[in-house]
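Heads up: the structure comes next, in structure tokens.
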Amino acid sequence: MSADSFQDLLLASLPKLRAYAMFLTKDRSLADDLLQESVVRALNAKHQFAMGTNFNAWIHRILHNQYVNYIRQNSRNIQSIDNIAEHMLSLRPDQEQKVIMGEVIQNLSDLPINQREALLLVCGSGMSYDEAADVLNCSIGTVKSRVWRARRHMERMMMNDNISTEISTAPSVELDCAEDQQPYGR
């Protein structure tokens, strides 16, 4: 494998990788640190990558594992109010689009982590269910189930329904997902 082609693949994946890190951490500085550590690990492990396989899934898996390690290491740290992002302490803007985007981001953070990760990989990063399954180290059916549940959960939250109630007959909120039109069976 040539170093140039590996570096080209790595550089091409950085925007989506950074977006995924931002969604996971919700902190720009932490996302940059996570991305940097993931890139260093990928460069150190480039001999393990087989050209012709899915680089995007491989590098996202490295980032995902880095994030899980970070969560495990910092699960008992208590956050001071001084470390809370300023936007979380301020008033919501009165512009409708910003309010809706804030609600979406908040509702994303309220999702269980496994559902949020699956939703962000498939819908946010445009990965296929196969790629997301590789990143999350689970079956395709599990990814599809998590994405479905996350969509329903987001729909109920955005429609201001009680989460514990059954799915209403309200129109569904469509999330832009590349594989929506594909059947679940293979």
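By order of appearance in the structure tokens: chains A, B, ..., then residues from 1 within every chain, and ligands from 1 in the order shown.
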### Message
Taking 2 positions as the minimum chain separation for residues in the same chain, which residues sit within 9 Å of Ile59 of chain A when counting only C-alpha atoms? Answer as a VMD selection string.
### Response
chain A and resid 10 13 17 38 to 39 42 54 to 57 61 to 64 135
Go ahead and save the picked residues with all heavy atoms, as a compact mmCIF listing (two decimals), in the first residue's frame.
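So the final result, stored in out.txt, reads:
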```txt
# COMPACT_ATOMS: atom_id res chain seq x y z
N LEU A 10 -7.26 9.24 4.32
CA LEU A 10 -7.36 9.84 5.65
C LEU A 10 -7.79 11.29 5.56
O LEU A 10 -8.71 11.72 6.26
CB LEU A 10 -6.02 9.72 6.38
CG LEU A 10 -5.97 10.22 7.81
CD1 LEU A 10 -6.95 9.46 8.68
CD2 LEU A 10 -4.56 10.07 8.37
N SER A 13 -11.45 11.73 4.68
CA SER A 13 -12.41 11.33 5.72
C SER A 13 -12.48 12.33 6.88
O SER A 13 -13.39 12.24 7.70
CB SER A 13 -12.05 9.95 6.26
OG SER A 13 -10.85 10.00 7.01
N LEU A 17 -15.36 12.73 9.88
CA LEU A 17 -14.83 12.25 11.15
C LEU A 17 -14.95 13.32 12.22
O LEU A 17 -15.36 13.05 13.35
CB LEU A 17 -13.37 11.85 10.95
CG LEU A 17 -12.79 10.75 11.80
CD1 LEU A 17 -13.60 9.48 11.67
CD2 LEU A 17 -11.36 10.49 11.42
N SER A 38 -7.34 9.98 17.17
CA SER A 38 -7.78 8.95 16.23
C SER A 38 -6.89 8.93 14.99
O SER A 38 -6.55 7.86 14.48
CB SER A 38 -9.23 9.19 15.82
OG SER A 38 -10.06 9.12 16.94
N VAL A 39 -6.51 10.09 14.50
CA VAL A 39 -5.63 10.17 13.33
C VAL A 39 -4.27 9.59 13.66
O VAL A 39 -3.69 8.84 12.87
CB VAL A 39 -5.53 11.62 12.81
CG1 VAL A 39 -4.41 11.77 11.79
CG2 VAL A 39 -6.85 12.07 12.21
N ALA A 42 -4.61 5.91 13.74
CA ALA A 42 -4.76 5.37 12.38
C ALA A 42 -3.42 5.34 11.66
O ALA A 42 -3.10 4.36 10.97
CB ALA A 42 -5.77 6.21 11.60
N ASN A 54 -13.17 -0.99 3.31
CA ASN A 54 -13.87 0.25 3.62
C ASN A 54 -13.08 1.09 4.63
O ASN A 54 -13.14 0.88 5.83
CB ASN A 54 -15.26 -0.07 4.18
CG ASN A 54 -16.12 1.14 4.31
OD1 ASN A 54 -15.65 2.27 4.36
ND2 ASN A 54 -17.42 0.91 4.36
N PHE A 55 -12.35 2.07 4.11
CA PHE A 55 -11.53 2.94 4.96
C PHE A 55 -12.39 3.79 5.89
O PHE A 55 -12.05 3.98 7.05
CB PHE A 55 -10.64 3.85 4.11
CG PHE A 55 -9.76 4.73 4.93
CD1 PHE A 55 -8.57 4.25 5.45
CD2 PHE A 55 -10.11 6.04 5.21
CE1 PHE A 55 -7.75 5.05 6.23
CE2 PHE A 55 -9.30 6.85 5.99
CZ PHE A 55 -8.11 6.35 6.50
N ASN A 56 -13.51 4.28 5.37
CA ASN A 56 -14.39 5.14 6.16
C ASN A 56 -14.87 4.42 7.43
O ASN A 56 -14.84 4.97 8.52
CB ASN A 56 -15.57 5.60 5.31
CG ASN A 56 -16.24 6.82 5.87
OD1 ASN A 56 -15.63 7.62 6.55
ND2 ASN A 56 -17.52 6.96 5.57
N ALA A 57 -15.29 3.19 7.29
CA ALA A 57 -15.74 2.42 8.46
C ALA A 57 -14.57 2.15 9.40
O ALA A 57 -14.71 2.21 10.62
CB ALA A 57 -16.38 1.12 8.02
N ARG A 61 -14.39 3.57 13.17
CA ARG A 61 -14.29 2.60 14.26
C ARG A 61 -13.20 2.99 15.24
O ARG A 61 -13.37 2.90 16.46
CB ARG A 61 -14.02 1.21 13.68
CG ARG A 61 -13.84 0.11 14.68
CD ARG A 61 -15.20 -0.27 15.28
NE ARG A 61 -15.08 -1.36 16.19
CZ ARG A 61 -15.18 -2.64 15.85
NH1 ARG A 61 -15.42 -2.98 14.61
NH2 ARG A 61 -15.06 -3.56 16.75
N ILE A 62 -12.08 3.48 14.71
CA ILE A 62 -10.99 3.94 15.57
C ILE A 62 -11.47 5.11 16.43
O ILE A 62 -11.26 5.13 17.65
CB ILE A 62 -9.74 4.33 14.74
CG1 ILE A 62 -9.11 3.07 14.12
CG2 ILE A 62 -8.72 5.08 15.59
CD1 ILE A 62 -8.00 3.35 13.14
N LEU A 63 -12.15 6.07 15.81
CA LEU A 63 -12.64 7.23 16.54
C LEU A 63 -13.67 6.80 17.59
O LEU A 63 -13.64 7.27 18.73
CB LEU A 63 -13.25 8.27 15.60
CG LEU A 63 -13.66 9.56 16.29
CD1 LEU A 63 -13.10 10.75 15.54
CD2 LEU A 63 -15.15 9.67 16.38
N HIS A 64 -14.56 5.92 17.19
CA HIS A 64 -15.58 5.43 18.12
C HIS A 64 -14.93 4.76 19.34
O HIS A 64 -15.32 5.02 20.48
CB HIS A 64 -16.50 4.44 17.39
CG HIS A 64 -17.48 3.77 18.29
ND1 HIS A 64 -18.62 4.39 18.73
CD2 HIS A 64 -17.48 2.54 18.86
CE1 HIS A 64 -19.28 3.56 19.52
NE2 HIS A 64 -18.61 2.44 19.62
N VAL A 135 -18.46 -0.11 12.25
CA VAL A 135 -17.96 0.88 13.21
C VAL A 135 -18.41 0.54 14.62
O VAL A 135 -17.63 0.59 15.57
CB VAL A 135 -18.43 2.31 12.83
CG1 VAL A 135 -18.14 3.29 13.94
CG2 VAL A 135 -17.78 2.76 11.53
```
Neighbouring residues of segment 136-144 of chain A were defined as those with any atom within 10 Å, considering only C-alpha atoms; residues of the same chain fewer than 2 positions away were excluded. Please report them as a compact mmCIF listing (two decimals) with N, CA and C atoms, in the first residue's frame.
```txt
# COMPACT_ATOMS: atom_id res chain seq x y z
N ALA A 57 -15.29 3.19 7.29
CA ALA A 57 -15.74 2.42 8.46
C ALA A 57 -14.57 2.15 9.40
N HIS A 60 -13.68 5.42 11.27
CA HIS A 60 -14.76 5.76 12.20
C HIS A 60 -14.74 4.81 13.41
N ARG A 61 -14.39 3.57 13.17
CA ARG A 61 -14.29 2.60 14.26
C ARG A 61 -13.20 2.99 15.24
N HIS A 64 -14.56 5.92 17.19
CA HIS A 64 -15.58 5.43 18.12
C HIS A 64 -14.93 4.76 19.34
N ASN A 65 -13.94 3.93 19.10
CA ASN A 65 -13.25 3.26 20.21
C ASN A 65 -12.51 4.27 21.10
N ASN A 114 -26.30 4.35 22.34
CA ASN A 114 -26.22 3.41 21.22
C ASN A 114 -27.15 3.82 20.08
N GLN A 115 -28.30 4.37 20.41
CA GLN A 115 -29.23 4.85 19.37
C GLN A 115 -28.68 6.11 18.72
N GLU A 117 -25.54 7.09 18.41
CA GLU A 117 -24.40 6.77 17.54
C GLU A 117 -24.87 6.18 16.22
N ALA A 118 -25.82 5.25 16.28
CA ALA A 118 -26.32 4.63 15.05
C ALA A 118 -26.99 5.66 14.16
N LEU A 119 -27.81 6.52 14.75
CA LEU A 119 -28.52 7.56 13.99
C LEU A 119 -27.53 8.52 13.34
N LEU A 121 -24.33 8.01 12.60
CA LEU A 121 -23.53 7.37 11.56
C LEU A 121 -24.32 7.18 10.28
N VAL A 122 -25.56 6.69 10.40
CA VAL A 122 -26.35 6.39 9.21
C VAL A 122 -26.95 7.65 8.60
N SER A 128 -23.67 3.58 5.19
CA SER A 128 -24.64 2.51 4.98
C SER A 128 -24.78 1.77 6.30
N TYR A 129 -25.82 0.94 6.37
CA TYR A 129 -26.01 0.15 7.59
C TYR A 129 -24.81 -0.79 7.79
N ASP A 130 -24.27 -1.32 6.70
CA ASP A 130 -23.10 -2.19 6.79
C ASP A 130 -21.92 -1.47 7.42
N GLU A 131 -21.65 -0.27 6.93
CA GLU A 131 -20.52 0.50 7.46
C GLU A 131 -20.73 0.83 8.93
N ALA A 132 -21.94 1.25 9.27
CA ALA A 132 -22.23 1.59 10.66
C ALA A 132 -22.09 0.35 11.56
N ALA A 133 -22.51 -0.80 11.05
CA ALA A 133 -22.38 -2.04 11.83
C ALA A 133 -20.91 -2.35 12.07
N ASP A 134 -20.06 -2.10 11.07
CA ASP A 134 -18.62 -2.31 11.24
C ASP A 134 -18.06 -1.37 12.31
N ARG A 146 -31.68 0.17 16.04
CA ARG A 146 -31.31 1.36 16.79
C ARG A 146 -31.70 2.63 16.04
N VAL A 147 -31.48 2.64 14.73
CA VAL A 147 -31.84 3.83 13.93
C VAL A 147 -33.35 4.01 13.95
N TRP A 148 -34.10 2.93 13.79
CA TRP A 148 -35.56 3.02 13.81
C TRP A 148 -36.05 3.58 15.14
N ARG A 149 -35.52 3.02 16.23
CA ARG A 149 -35.93 3.48 17.56
C ARG A 149 -35.54 4.94 17.79
N ALA A 150 -34.37 5.30 17.35
CA ALA A 150 -33.92 6.69 17.51
C ALA A 150 -34.81 7.64 16.73
N TYR A 184 -35.32 -3.70 4.21
CA TYR A 184 -34.53 -4.19 5.31
C TYR A 184 -33.88 -5.52 5.02
N GLY A 185 -34.48 -6.33 4.22
CA GLY A 185 -33.90 -7.62 3.88
C GLY A 185 -32.79 -7.48 2.88
```
## Note on the structure
atom CA of Asn107 of chain A to atom CA of Met157 of chain A measures 6.8 Å
Name all residues at most 12 Å from Asp32 of chain A (count only C-alpha atoms; drop same-chain ones fewer than 6 positions away) and give them as an mmCIF file with C-alpha atoms, in the first residue's frame.
```cif
data_model
loop_
_atom_site.group_PDB
_atom_site.id
_atom_site.type_symbol
_atom_site.label_atom_id
_atom_site.label_comp_id
_atom_site.auth_asym_id
_atom_site.auth_seq_id
_atom_site.Cartn_x
_atom_site.Cartn_y
_atom_site.Cartn_z
ATOM 1 C CA LEU A 14 -11.494 14.170 8.113
ATOM 2 C CA PRO A 15 -14.619 16.372 7.661
ATOM 3 C CA LEU A 17 -14.832 12.246 11.148
ATOM 4 C CA ARG A 18 -14.758 15.661 12.814
ATOM 5 C CA ALA A 19 -18.537 16.004 12.498
ATOM 6 C CA TYR A 20 -18.987 12.615 14.155
ATOM 7 C CA ALA A 21 -16.594 13.611 16.941
ATOM 8 C CA MET A 22 -18.547 16.855 17.467
ATOM 9 C CA PHE A 23 -21.838 14.960 17.724
ATOM 10 C CA LEU A 24 -20.361 12.521 20.210
ATOM 11 C CA THR A 25 -18.634 15.026 22.460
ATOM 12 C CA LYS A 26 -20.701 18.215 21.974
ATOM 13 C CA SER A 38 -7.776 8.953 16.227
ATOM 14 C CA VAL A 39 -5.634 10.167 13.326
ATOM 15 C CA LEU A 63 -12.644 7.232 16.543
ATOM 16 C CA TYR A 67 -14.530 7.972 22.409
#
```
### Message
Residues near Gly52 of chain A, anyone? I mean within 12 Å using only C-alpha atoms, not counting same-chain ones fewer than 4 positions away, as a ChimeraX atom specification.
### Response
/A:1,5-6,9,56,58
### Query
Could you pull the residues within 12 Å of Glu103 of chain A, counting only C-alpha atoms, minus those fewer than 6 positions along the same chain, as a ChimeraX atom specification?
/A:92-93,96-97,109-110,154-155,157-160
Since we have the selection now, will you write its residues out, keeping all heavy atoms, as a JSON list (two decimals), in the first residue's frame?
```json
[["chain", "number", "residue", "atom", "x", "y", "z"],
["A", 92, "ARG", "N", -32.32, 30.99, 25.01],
["A", 92, "ARG", "CA", -32.52, 30.51, 23.65],
["A", 92, "ARG", "C", -32.77, 31.68, 22.71],
["A", 92, "ARG", "O", -33.45, 32.64, 23.09],
["A", 92, "ARG", "CB", -33.72, 29.57, 23.59],
["A", 92, "ARG", "CG", -33.45, 28.24, 24.21],
["A", 92, "ARG", "CD", -34.61, 27.33, 23.95],
["A", 92, "ARG", "NE", -34.19, 25.98, 24.23],
["A", 92, "ARG", "CZ", -34.87, 24.93, 23.87],
["A", 92, "ARG", "NH1", -36.01, 25.07, 23.24],
["A", 92, "ARG", "NH2", -34.44, 23.73, 24.15],
["A", 93, "PRO", "N", -32.29, 31.58, 21.49],
["A", 93, "PRO", "CA", -32.53, 32.65, 20.53],
["A", 93, "PRO", "C", -34.00, 32.66, 20.11],
["A", 93, "PRO", "O", -34.69, 31.64, 20.21],
["A", 93, "PRO", "CB", -31.63, 32.29, 19.36],
["A", 93, "PRO", "CG", -31.39, 30.84, 19.48],
["A", 93, "PRO", "CD", -31.47, 30.51, 20.95],
["A", 96, "GLU", "N", -36.65, 31.14, 14.88],
["A", 96, "GLU", "CA", -37.28, 29.82, 14.88],
["A", 96, "GLU", "C", -36.32, 28.70, 14.49],
["A", 96, "GLU", "O", -36.30, 27.64, 15.12],
["A", 96, "GLU", "CB", -38.49, 29.82, 13.94],
["A", 96, "GLU", "CG", -39.28, 28.54, 13.99],
["A", 96, "GLU", "CD", -40.54, 28.59, 13.15],
["A", 96, "GLU", "OE1", -41.09, 29.69, 12.97],
["A", 96, "GLU", "OE2", -40.96, 27.54, 12.70],
["A", 97, "GLN", "N", -35.54, 28.91, 13.46],
["A", 97, "GLN", "CA", -34.65, 27.84, 12.99],
["A", 97, "GLN", "C", -33.61, 27.49, 14.05],
["A", 97, "GLN", "O", -33.31, 26.31, 14.26],
["A", 97, "GLN", "CB", -33.96, 28.25, 11.70],
["A", 97, "GLN", "CG", -33.13, 27.12, 11.13],
["A", 97, "GLN", "CD", -33.07, 27.18, 9.63],
["A", 97, "GLN", "OE1", -33.72, 27.99, 9.01],
["A", 97, "GLN", "NE2", -32.29, 26.31, 9.05],
["A", 109, "SER", "N", -29.10, 14.50, 22.28],
["A", 109, "SER", "CA", -28.32, 14.17, 23.48],
["A", 109, "SER", "C", -29.15, 13.38, 24.49],
["A", 109, "SER", "O", -28.59, 12.70, 25.35],
["A", 109, "SER", "CB", -27.76, 15.44, 24.12],
["A", 109, "SER", "OG", -28.79, 16.24, 24.63],
["A", 110, "ASP", "N", -30.49, 13.44, 24.39],
["A", 110, "ASP", "CA", -31.35, 12.68, 25.29],
["A", 110, "ASP", "C", -31.52, 11.22, 24.85],
["A", 110, "ASP", "O", -32.01, 10.40, 25.63],
["A", 110, "ASP", "CB", -32.74, 13.33, 25.40],
["A", 110, "ASP", "CG", -32.69, 14.65, 26.15],
["A", 110, "ASP", "OD1", -31.69, 14.90, 26.86],
["A", 110, "ASP", "OD2", -33.64, 15.45, 26.02],
["A", 154, "MET", "N", -36.99, 10.51, 18.45],
["A", 154, "MET", "CA", -36.84, 11.91, 18.03],
["A", 154, "MET", "C", -38.18, 12.47, 17.55],
["A", 154, "MET", "O", -38.52, 13.62, 17.86],
["A", 154, "MET", "CB", -35.80, 12.03, 16.91],
["A", 154, "MET", "CG", -34.37, 11.79, 17.34],
["A", 154, "MET", "SD", -33.73, 13.08, 18.42],
["A", 154, "MET", "CE", -33.66, 14.44, 17.28],
["A", 155, "GLU", "N", -38.91, 11.67, 16.82],
["A", 155, "GLU", "CA", -40.22, 12.12, 16.32],
["A", 155, "GLU", "C", -41.14, 12.49, 17.48],
["A", 155, "GLU", "O", -41.76, 13.55, 17.48],
["A", 155, "GLU", "CB", -40.85, 11.02, 15.47],
["A", 155, "GLU", "CG", -42.21, 11.36, 14.94],
["A", 155, "GLU", "CD", -42.81, 10.23, 14.11],
["A", 155, "GLU", "OE1", -42.05, 9.38, 13.62],
["A", 155, "GLU", "OE2", -44.04, 10.20, 13.99],
["A", 157, "MET", "N", -40.31, 13.25, 20.56],
["A", 157, "MET", "CA", -39.80, 14.40, 21.30],
["A", 157, "MET", "C", -40.04, 15.70, 20.53],
["A", 157, "MET", "O", -40.40, 16.71, 21.12],
["A", 157, "MET", "CB", -38.31, 14.23, 21.60],
["A", 157, "MET", "CG", -38.05, 13.20, 22.67],
["A", 157, "MET", "SD", -36.34, 13.16, 23.25],
["A", 157, "MET", "CE", -35.48, 12.53, 21.83],
["A", 158, "MET", "N", -39.85, 15.66, 19.22],
["A", 158, "MET", "CA", -40.04, 16.88, 18.42],
["A", 158, "MET", "C", -41.52, 17.25, 18.31],
["A", 158, "MET", "O", -41.86, 18.40, 18.14],
["A", 158, "MET", "CB", -39.42, 16.72, 17.03],
["A", 158, "MET", "CG", -37.90, 16.62, 17.03],
["A", 158, "MET", "SD", -37.05, 17.99, 17.84],
["A", 158, "MET", "CE", -37.45, 19.33, 16.74],
["A", 159, "MET", "N", -42.39, 16.28, 18.41],
["A", 159, "MET", "CA", -43.82, 16.54, 18.36],
["A", 159, "MET", "C", -44.37, 16.82, 19.75],
["A", 159, "MET", "O", -45.58, 16.90, 19.94],
["A", 159, "MET", "CB", -44.56, 15.35, 17.72],
["A", 159, "MET", "CG", -44.13, 15.07, 16.30],
["A", 159, "MET", "SD", -44.39, 16.50, 15.29],
["A", 159, "MET", "CE", -45.59, 15.87, 14.18],
["A", 160, "ASN", "N", -43.48, 16.91, 20.73],
["A", 160, "ASN", "CA", -43.85, 17.20, 22.13],
["A", 160, "ASN", "C", -44.79, 16.17, 22.73],
["A", 160, "ASN", "O", -45.62, 16.49, 23.57],
["A", 160, "ASN", "CB", -44.46, 18.60, 22.26],
["A", 160, "ASN", "CG", -43.45, 19.67, 21.97],
["A", 160, "ASN", "OD1", -42.28, 19.52, 22.30],
["A", 160, "ASN", "ND2", -43.90, 20.73, 21.34]]
```
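Between atom CA of Ser125 of chain A and atom CA of His153 of chain A there is a distance of 19.3 Å.
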